[in-house]
file model.pdb (PDB, C-alpha atoms)
ATOM      1  CA  MET A   1     -14.529 -53.697 -46.376
ATOM      2  CA  ASP A   2     -11.019 -55.221 -46.747
ATOM      3  CA  ILE A   3      -9.554 -51.901 -47.874
ATOM      4  CA  ILE A   4     -11.127 -50.060 -44.975
ATOM      5  CA  TYR A   5      -9.894 -52.780 -42.604
ATOM      6  CA  LEU A   6      -6.320 -52.536 -43.956
ATOM      7  CA  ILE A   7      -6.381 -48.745 -43.695
ATOM      8  CA  ALA A   8      -7.515 -49.067 -40.121
ATOM      9  CA  ILE A   9      -4.643 -51.467 -39.367
ATOM     10  CA  LYS A  10      -2.129 -49.137 -41.024
ATOM     11  CA  LEU A  11      -3.460 -46.209 -39.005
ATOM     12  CA  ARG A  12      -3.180 -48.195 -35.803
ATOM     13  CA  GLU A  13       0.403 -49.150 -36.700
ATOM     14  CA  LYS A  14       1.281 -45.519 -37.427
ATOM     15  CA  LEU A  15      -0.368 -44.312 -34.220
ATOM     16  CA  ALA A  16       0.981 -47.102 -32.040
ATOM     17  CA  PHE A  17       4.549 -45.756 -31.649
ATOM     18  CA  PRO A  18       3.507 -42.143 -30.927
ATOM     19  CA  LEU A  19       0.958 -43.409 -28.406
ATOM     20  CA  ILE A  20       3.562 -45.627 -26.711
ATOM     21  CA  LEU A  21       6.045 -42.745 -26.692
ATOM     22  CA  LEU A  22       3.412 -40.365 -25.281
ATOM     23  CA  THR A  23       2.545 -42.907 -22.586
ATOM     24  CA  ILE A  24       6.217 -43.236 -21.640
ATOM     25  CA  LEU A  25       6.597 -39.463 -21.514
ATOM     26  CA  LEU A  26       3.488 -39.090 -19.356
ATOM     27  CA  VAL A  27       4.709 -41.770 -16.966
ATOM     28  CA  SER A  28       8.151 -40.152 -16.879
ATOM     29  CA  CYS A  29       6.603 -36.752 -16.218
ATOM     30  CA  GLU A  30       4.436 -38.200 -13.487
ATOM     31  CA  ASN A  31       7.450 -39.862 -11.875
ATOM     32  CA  SER A  32       9.475 -36.654 -12.190
ATOM     33  CA  ILE A  33       6.690 -34.634 -10.562
ATOM     34  CA  GLU A  34       6.497 -37.185  -7.771
ATOM     35  CA  VAL A  35      10.263 -37.012  -7.285
ATOM     36  CA  ILE A  36      10.195 -33.206  -7.312
ATOM     37  CA  ASN A  37       7.347 -33.197  -4.811
ATOM     38  CA  ARG A  38       9.224 -35.588  -2.567
ATOM     39  CA  ILE A  39      12.386 -33.463  -2.750
ATOM     40  CA  THR A  40      10.365 -30.299  -2.101
ATOM     41  CA  ASN A  41       8.627 -31.903   0.853
ATOM     42  CA  ILE A  42      11.979 -33.012   2.255
ATOM     43  CA  LYS A  43      13.325 -29.466   1.949
ATOM     44  CA  GLU A  44      10.234 -27.989   3.565
ATOM     45  CA  SER A  45      10.026 -30.559   6.347
ATOM     46  CA  PRO A  46      11.596 -29.652   9.690
ATOM     47  CA  ALA A  47      14.834 -31.332  10.745
ATOM     48  CA  PHE A  48      12.988 -32.427  13.866
ATOM     49  CA  SER A  49       9.750 -31.783  15.744
ATOM     50  CA  SER A  50       8.899 -32.149  19.401
ATOM     51  CA  ASN A  51       5.679 -31.912  21.387
ATOM     52  CA  ASP A  52       5.070 -30.419  24.820
ATOM     53  CA  ILE A  53       8.512 -28.928  25.384
ATOM     54  CA  GLU A  54       9.870 -27.017  28.370
ATOM     55  CA  VAL A  55      13.262 -25.317  28.001
ATOM     56  CA  LEU A  56      15.196 -23.633  30.820
ATOM     57  CA  TYR A  57      17.807 -20.921  30.165
ATOM     58  CA  SER A  58      20.362 -20.318  32.914
ATOM     59  CA  ASP A  59      23.341 -18.072  33.553
ATOM     60  CA  SER A  60      25.938 -18.929  36.209
ATOM     61  CA  ALA A  61      23.681 -21.727  37.495
ATOM     62  CA  ARG A  62      20.767 -19.287  37.878
ATOM     63  CA  ILE A  63      17.587 -19.902  35.915
ATOM     64  CA  LYS A  64      16.730 -16.751  33.989
ATOM     65  CA  MET A  65      14.001 -17.912  31.629
ATOM     66  CA  LYS A  66      11.643 -20.787  30.894
ATOM     67  CA  ILE A  67       9.945 -21.483  27.550
ATOM     68  CA  VAL A  68       6.869 -23.704  27.311
ATOM     69  CA  ALA A  69       5.348 -24.784  23.988
ATOM     70  CA  LYS A  70       2.997 -27.469  22.677
ATOM     71  CA  LEU A  71       4.967 -27.977  19.448
ATOM     72  CA  VAL A  72       8.350 -26.886  18.087
ATOM     73  CA  ASN A  73       9.714 -27.434  14.570
ATOM     74  CA  LYS A  74      13.403 -26.879  13.833
ATOM     75  CA  TYR A  75      14.589 -26.043  10.296
ATOM     76  CA  ASN A  76      18.257 -26.271   9.301
ATOM     77  CA  THR A  77      18.221 -25.767   5.524
ATOM     78  CA  PRO A  78      20.135 -22.891   3.871
ATOM     79  CA  GLU A  79      16.796 -21.211   3.122
ATOM     80  CA  LYS A  80      15.377 -21.814   6.590
ATOM     81  CA  HIS A  81      17.332 -21.799   9.830
ATOM     82  CA  TYR A  82      15.013 -21.184  12.729
ATOM     83  CA  MET A  83      12.770 -22.751  15.337
ATOM     84  CA  GLU A  84       9.026 -22.462  14.775
ATOM     85  CA  PHE A  85       6.318 -22.652  17.423
ATOM     86  CA  PRO A  86       3.138 -23.047  15.326
ATOM     87  CA  ARG A  87       0.863 -23.794  18.285
ATOM     88  CA  GLY A  88       1.936 -20.923  20.486
ATOM     89  CA  ILE A  89       4.547 -20.155  23.104
ATOM     90  CA  LEU A  90       4.747 -19.067  26.736
ATOM     91  CA  VAL A  91       7.881 -17.417  28.169
ATOM     92  CA  TYR A  92       8.635 -16.737  31.846
ATOM     93  CA  GLN A  93      11.474 -14.558  33.140
ATOM     94  CA  TYR A  94      12.936 -14.825  36.646
ATOM     95  CA  ASP A  95      15.005 -12.540  38.875
ATOM     96  CA  THR A  96      17.818 -13.495  41.262
ATOM     97  CA  ALA A  97      15.253 -14.345  43.939
ATOM     98  CA  LYS A  98      13.618 -16.837  41.520
ATOM     99  CA  ARG A  99      10.511 -14.668  41.285
ATOM    100  CA  THR A 100       8.620 -14.599  38.001
ATOM    101  CA  THR A 101       9.108 -11.001  36.888
ATOM    102  CA  ALA A 102       7.755 -11.038  33.336
ATOM    103  CA  MET A 103       5.700 -13.209  30.992
ATOM    104  CA  ILE A 104       5.199 -13.234  27.224
ATOM    105  CA  ARG A 105       2.757 -15.403  25.305
ATOM    106  CA  ALA A 106       1.648 -15.621  21.665
ATOM    107  CA  ASP A 107      -0.313 -17.955  19.393
ATOM    108  CA  TYR A 108       2.641 -18.252  16.984
ATOM    109  CA  ALA A 109       6.376 -17.639  17.258
ATOM    110  CA  ILE A 110       9.662 -18.001  15.371
ATOM    111  CA  ASN A 111      13.146 -17.962  16.893
ATOM    112  CA  HIS A 112      15.851 -16.867  14.427
ATOM    113  CA  GLU A 113      18.803 -18.564  16.075
ATOM    114  CA  ASN A 114      21.501 -16.757  14.073
ATOM    115  CA  THR A 115      20.286 -13.256  14.924
ATOM    116  CA  LYS A 116      18.719 -14.201  18.299
ATOM    117  CA  ILE A 117      15.553 -12.354  17.316
ATOM    118  CA  TRP A 118      12.126 -13.745  18.100
ATOM    119  CA  GLU A 119       8.980 -12.996  16.120
ATOM    120  CA  LEU A 120       5.750 -13.340  18.077
ATOM    121  CA  ARG A 121       2.420 -13.059  16.281
ATOM    122  CA  ASN A 122      -1.316 -13.268  16.931
ATOM    123  CA  ASN A 123      -2.764 -12.396  20.336
ATOM    124  CA  VAL A 124       0.599 -11.372  21.757
ATOM    125  CA  GLU A 125       0.583 -10.455  25.435
ATOM    126  CA  ALA A 126       3.564  -9.264  27.483
ATOM    127  CA  ARG A 127       3.276  -8.622  31.217
ATOM    128  CA  ASN A 128       5.508  -7.113  33.879
ATOM    129  CA  LEU A 129       4.298  -8.941  36.962
ATOM    130  CA  ILE A 130       6.221  -6.737  39.395
ATOM    131  CA  LYS A 131       4.838  -3.417  38.127
ATOM    132  CA  ASN A 132       1.486  -4.881  37.044
ATOM    133  CA  GLU A 133       1.783  -3.718  33.430
ATOM    134  CA  GLN A 134       0.359  -5.480  30.400
ATOM    135  CA  LEU A 135       1.044  -5.006  26.685
ATOM    136  CA  ASN A 136      -1.214  -6.374  23.915
ATOM    137  CA  THR A 137      -0.459  -6.382  20.188
ATOM    138  CA  GLU A 138      -0.636  -8.635  17.127
ATOM    139  CA  GLU A 139       3.089  -8.633  16.378
ATOM    140  CA  LEU A 140       6.088  -8.271  18.663
ATOM    141  CA  TYR A 141       9.835  -8.664  18.142
ATOM    142  CA  TRP A 142      12.185  -9.722  20.933
ATOM    143  CA  ASP A 143      15.903  -8.994  20.458
ATOM    144  CA  GLN A 144      17.731 -11.141  22.995
ATOM    145  CA  THR A 145      21.119  -9.590  22.188
ATOM    146  CA  LYS A 146      19.934  -6.051  22.926
ATOM    147  CA  GLY A 147      17.490  -7.133  25.613
ATOM    148  CA  ILE A 148      14.564  -5.220  24.101
ATOM    149  CA  ILE A 149      11.097  -5.899  22.721
ATOM    150  CA  TYR A 150       9.487  -3.757  20.032
ATOM    151  CA  SER A 151       6.589  -3.582  17.612
ATOM    152  CA  THR A 152       5.547  -1.535  14.589
ATOM    153  CA  LYS A 153       1.895  -2.541  14.935
ATOM    154  CA  PHE A 154      -0.952  -1.118  17.003
ATOM    155  CA  THR A 155      -0.260  -1.693  20.706
ATOM    156  CA  LYS A 156      -2.150  -1.287  23.983
ATOM    157  CA  MET A 157      -0.557  -0.794  27.383
ATOM    158  CA  ILE A 158      -2.487  -1.216  30.632
ATOM    159  CA  ASN A 159      -0.993  -0.226  33.976
ATOM    160  CA  THR A 160      -1.931   1.505  37.225
ATOM    161  CA  ASP A 161      -1.734   4.902  35.508
ATOM    162  CA  GLY A 162      -4.335   4.049  32.868
ATOM    163  CA  VAL A 163      -4.742   2.589  29.391
ATOM    164  CA  PHE A 164      -2.524   3.776  26.528
ATOM    165  CA  TYR A 165      -2.700   3.110  22.811
ATOM    166  CA  GLY A 166       0.109   3.432  20.286
ATOM    167  CA  ASP A 167      -0.541   3.288  16.559
ATOM    168  CA  GLY A 168       3.028   3.937  15.406
ATOM    169  CA  GLY A 169       5.147   1.481  17.347
ATOM    170  CA  PHE A 170       6.383   0.394  20.747
ATOM    171  CA  GLN A 171       9.710  -0.339  22.424
ATOM    172  CA  SER A 172      10.844  -1.330  25.921
ATOM    173  CA  LYS A 173      13.303  -3.483  27.787
ATOM    174  CA  GLU A 174      12.527  -7.184  27.650
ATOM    175  CA  ASP A 175      11.004  -7.046  31.142
ATOM    176  CA  LEU A 176       8.594  -4.330  29.900
ATOM    177  CA  THR A 177      10.330  -1.474  31.760
ATOM    178  CA  ASN A 178      11.332   1.900  30.236
ATOM    179  CA  TRP A 179       8.649   1.584  27.580
ATOM    180  CA  LYS A 180       7.727   4.185  25.010
ATOM    181  CA  MET A 181       5.061   4.443  22.317
ATOM    182  CA  VAL A 182       4.771   6.332  19.053
ATOM    183  CA  GLY A 183       1.477   8.162  18.476
ATOM    184  CA  VAL A 184       0.349   7.409  22.019
ATOM    185  CA  LYS A 185      -3.101   8.314  23.287
ATOM    186  CA  GLY A 186      -5.381   6.966  25.981
ATOM    187  CA  LYS A 187      -6.773   7.458  29.476
ATOM    188  CA  VAL A 188      -4.799   8.450  32.580
ATOM    189  CA  ASN A 189      -6.066   7.737  36.077
ATOM    190  CA  LEU A 190      -5.845  10.840  38.305
ATOM    191  CA  LYS A 191      -6.493  11.062  42.039
ATOM    192  CA  ASP A 192      -8.220  14.044  43.632
ATOM    193  CA  ASN A 193      -7.989  15.126  47.249
ATOM    194  CA  ASP A 194     -10.514  12.468  48.235
ATOM    195  CA  ASN A 195      -8.335   9.736  46.628
ATOM    196  CA  GLU A 196     -11.003   9.025  44.017
ATOM    197  CA  ASN A 197      -9.941   8.020  40.515
ATOM    198  CA  ASN A 198     -10.900  10.200  37.578
ATOM    199  CA  ASP A 199     -10.232   9.609  33.894
ATOM    200  CA  ALA A 200      -8.334  12.214  31.917
ATOM    201  CA  GLN A 201      -7.773  12.041  28.198
ATOM    202  CA  THR A 202      -4.200  12.368  26.957
ATOM    203  CA  ASN A 203      -2.958  12.776  23.430
ATOM    204  CA  PRO A 204       0.633  14.057  23.390
TER     205      PRO A 204
END

call {"tool": "encode", "arguments": {"input": "model.pdb", "output": "structure tokens"}}
result
Amino acid sequence: MDIIYLIAIKLREKLAFPLILLTILLVSCENSIEVINRITNIKESPAFSSNDIEVLYSDSARIKMKIVAKLVNKYNTPEKHYMEFPRGILVYQYDTAKRTTAMIRADYAINHENTKIWELRNNVEARNLIKNEQLNTEELYWDQTKGIIYSTKFTKMINTDGVFYGDGGFQSKEDLTNWKMVGVKGKVNLKDNDNENNDAQTNP
């Protein structure tokens, strides 16, 4: 019994240092992972966030645009430099008479401040309120420098002439004028001599 007891003590002594060292390493690894996670979270966290914002853009003391959003996150890291609107965005455009001429809304948006290009995603709707035209798509880009909006996704345009579908892309001015579609097809409203509307299929 004494021999077995001594062997057990010797084994514990031999295993003690490796176990202590392993414990230290595990604790160090755990601390390192925590530090890495904290650093990663800091890098991924926005520089600031704000709720229920309303931003007015003006030119020569004239209001040209208003942006309304429930939440905005601003990122200023080398990897990320943009403003994110994770809970959707609503944009109004005004003319010189202060009339609302166009509206764009989406469930998600990103503003790349360096390139002045907006990405709008999910349930995107753009409307020309003067001409009563409406565009629907799942992804839309807005180039503020060029003053255009465009998409490479499936789009639908509704206006007084009918309903048009484009499966190859869309482009127009930012107020939804001078628009064109790729692969367009749809229904055109025609008027006969009795001023009654008829539907005619079109597929250029």

call {"tool": "residues_near_point", "arguments": {"input": "model.pdb", "point": "(1.7, 4.4, 12.2)", "cutoff": "10 Å", "atoms": "all atoms listed in the file", "output": "ChimeraX atom specification"}}
result
/A:152-154,166-169,182-183

call {"tool": "resolve_selection", "arguments": {"input": "model.pdb", "expression": "the PyMOL selection byres ((chain A and resi 127) around 8)", "output": "PyMOL selection string"}}
result
chain A and resi 102-104+125-126+128-129+132-135+175-176

call {"tool": "residues_near_point", "arguments": {"input": "model.pdb", "point": "(8.2, -30.7, 9.6)", "cutoff": "8 Å", "atoms": "only C-alpha atoms", "output": "short mmCIF file (atom, residue, chain, number, x, y, z; two decimals) with C-alpha atoms, in the coordinates of the input"}}
result
data_model
loop_
_atom_site.label_atom_id
_atom_site.label_comp_id
_atom_site.auth_asym_id
_atom_site.auth_seq_id
_atom_site.Cartn_x
_atom_site.Cartn_y
_atom_site.Cartn_z
CA GLU A 44 10.23 -27.99 3.56
CA SER A 45 10.03 -30.56 6.35
CA PRO A 46 11.60 -29.65 9.69
CA ALA A 47 14.83 -31.33 10.74
CA PHE A 48 12.99 -32.43 13.87
CA SER A 49 9.75 -31.78 15.74
CA ASN A 73 9.71 -27.43 14.57
CA LYS A 74 13.40 -26.88 13.83
CA TYR A 75 14.59 -26.04 10.30
#

call {"tool": "atom_distance", "arguments": {"input": "model.pdb", "atom1": "atom CA of A:Arg121", "atom2": "atom CA of A:Gly162"}}
result
24.8 Å

call {"tool": "atom_distance", "arguments": {"input": "model.pdb", "atom1": "atom CA of A:Leu71", "atom2": "atom CA of A:Ile53"}}
result
7.0 Å

call {"tool": "resolve_selection", "arguments": {"input": "model.pdb", "expression": "the PyMOL selection byres ((chain A and resi 174) around 12)", "output": "PDB file with C-alpha atoms, in the coordinates of the input"}}
result
ATOM      1  CA  MET A  65      14.001 -17.912  31.629  1.00  0.00           C
ATOM      2  CA  VAL A  91       7.881 -17.417  28.169  1.00  0.00           C
ATOM      3  CA  TYR A  92       8.635 -16.737  31.846  1.00  0.00           C
ATOM      4  CA  GLN A  93      11.474 -14.558  33.140  1.00  0.00           C
ATOM      5  CA  TYR A  94      12.936 -14.825  36.646  1.00  0.00           C
ATOM      6  CA  THR A 101       9.108 -11.001  36.888  1.00  0.00           C
ATOM      7  CA  ALA A 102       7.755 -11.038  33.336  1.00  0.00           C
ATOM      8  CA  MET A 103       5.700 -13.209  30.992  1.00  0.00           C
ATOM      9  CA  ILE A 104       5.199 -13.234  27.224  1.00  0.00           C
ATOM     10  CA  ILE A 117      15.553 -12.354  17.316  1.00  0.00           C
ATOM     11  CA  TRP A 118      12.126 -13.745  18.100  1.00  0.00           C
ATOM     12  CA  ALA A 126       3.564  -9.264  27.483  1.00  0.00           C
ATOM     13  CA  ARG A 127       3.276  -8.622  31.217  1.00  0.00           C
ATOM     14  CA  ASN A 128       5.508  -7.113  33.879  1.00  0.00           C
ATOM     15  CA  LEU A 135       1.044  -5.006  26.685  1.00  0.00           C
ATOM     16  CA  LEU A 140       6.088  -8.271  18.663  1.00  0.00           C
ATOM     17  CA  TYR A 141       9.835  -8.664  18.142  1.00  0.00           C
ATOM     18  CA  TRP A 142      12.185  -9.722  20.933  1.00  0.00           C
ATOM     19  CA  ASP A 143      15.903  -8.994  20.458  1.00  0.00           C
ATOM     20  CA  GLN A 144      17.731 -11.141  22.995  1.00  0.00           C
ATOM     21  CA  THR A 145      21.119  -9.590  22.188  1.00  0.00           C
ATOM     22  CA  LYS A 146      19.934  -6.051  22.926  1.00  0.00           C
ATOM     23  CA  GLY A 147      17.490  -7.133  25.613  1.00  0.00           C
ATOM     24  CA  ILE A 148      14.564  -5.220  24.101  1.00  0.00           C
ATOM     25  CA  ILE A 149      11.097  -5.899  22.721  1.00  0.00           C
ATOM     26  CA  TYR A 150       9.487  -3.757  20.032  1.00  0.00           C
ATOM     27  CA  PHE A 170       6.383   0.394  20.747  1.00  0.00           C
ATOM     28  CA  GLN A 171       9.710  -0.339  22.424  1.00  0.00           C
ATOM     29  CA  SER A 172      10.844  -1.330  25.921  1.00  0.00           C
ATOM     30  CA  LYS A 173      13.303  -3.483  27.787  1.00  0.00           C
ATOM     31  CA  ASP A 175      11.004  -7.046  31.142  1.00  0.00           C
ATOM     32  CA  LEU A 176       8.594  -4.330  29.900  1.00  0.00           C
ATOM     33  CA  THR A 177      10.330  -1.474  31.760  1.00  0.00           C
ATOM     34  CA  ASN A 178      11.332   1.900  30.236  1.00  0.00           C
ATOM     35  CA  TRP A 179       8.649   1.584  27.580  1.00  0.00           C
TER      36      TRP A 179
END

call {"tool": "closest_residue", "arguments": {"input": "model.pdb", "among": "A:Lys180, A:Lys64, A:Phe164, A:Ala109", "to": "A:Arg87", "atoms": "all atoms listed in the file"}}
result
A:Ala109

call {"tool": "atom_distance", "arguments": {"input": "model.pdb", "atom1": "atom CA of A:Ser151", "atom2": "atom CA of A:Asn122"}}
result
12.5 Å

call {"tool": "resolve_selection", "arguments": {"input": "model.pdb", "expression": "the PyMOL selection byres ((chain A and resi 62) around 12)", "output": "PDB file with C-alpha atoms, in the coordinates of the input"}}
result
ATOM      1  CA  LEU A  56      15.196 -23.633  30.820  1.00  0.00           C
ATOM      2  CA  TYR A  57      17.807 -20.921  30.165  1.00  0.00           C
ATOM      3  CA  SER A  58      20.362 -20.318  32.914  1.00  0.00           C
ATOM      4  CA  ASP A  59      23.341 -18.072  33.553  1.00  0.00           C
ATOM      5  CA  SER A  60      25.938 -18.929  36.209  1.00  0.00           C
ATOM      6  CA  ALA A  61      23.681 -21.727  37.495  1.00  0.00           C
ATOM      7  CA  ILE A  63      17.587 -19.902  35.915  1.00  0.00           C
ATOM      8  CA  LYS A  64      16.730 -16.751  33.989  1.00  0.00           C
ATOM      9  CA  MET A  65      14.001 -17.912  31.629  1.00  0.00           C
ATOM     10  CA  LYS A  66      11.643 -20.787  30.894  1.00  0.00           C
ATOM     11  CA  GLN A  93      11.474 -14.558  33.140  1.00  0.00           C
ATOM     12  CA  TYR A  94      12.936 -14.825  36.646  1.00  0.00           C
ATOM     13  CA  ASP A  95      15.005 -12.540  38.875  1.00  0.00           C
ATOM     14  CA  THR A  96      17.818 -13.495  41.262  1.00  0.00           C
ATOM     15  CA  ALA A  97      15.253 -14.345  43.939  1.00  0.00           C
ATOM     16  CA  LYS A  98      13.618 -16.837  41.520  1.00  0.00           C
ATOM     17  CA  ARG A  99      10.511 -14.668  41.285  1.00  0.00           C
TER      18      ARG A  99
END

call {"tool": "closest_residue", "arguments": {"input": "model.pdb", "among": "A:Met83, A:Ile89, A:Ile130, A:Val68", "to": "A:Asn114", "atoms": "only C-alpha atoms"}}
result
A:Met83

call {"tool": "residues_around", "arguments": {"input": "model.pdb", "residues": "A:Tyr82", "least_positions_apart": "6", "cutoff": "7 Å", "atoms": "only C-alpha atoms", "output": "VMD selection string"}}
result
chain A and resid 74 to 76 110 to 113

call {"tool": "axis_aligned_box", "arguments": {"input": "model.pdb", "around": "stretch 131-137 of chain A", "padding_each_side": "8 Å", "output": "lines of an AutoDock Vina configuration file"}}
result
center_x = 1.8
center_y = -4.9
center_z = 29.2
size_x = 22.1
size_y = 19.0
size_z = 33.9

call {"tool": "closest_residue", "arguments": {"input": "model.pdb", "among": "A:Lys185, A:Thr155, A:His81, A:Asn136", "to": "A:Thr115", "atoms": "all atoms listed in the file"}}
result
A:His81
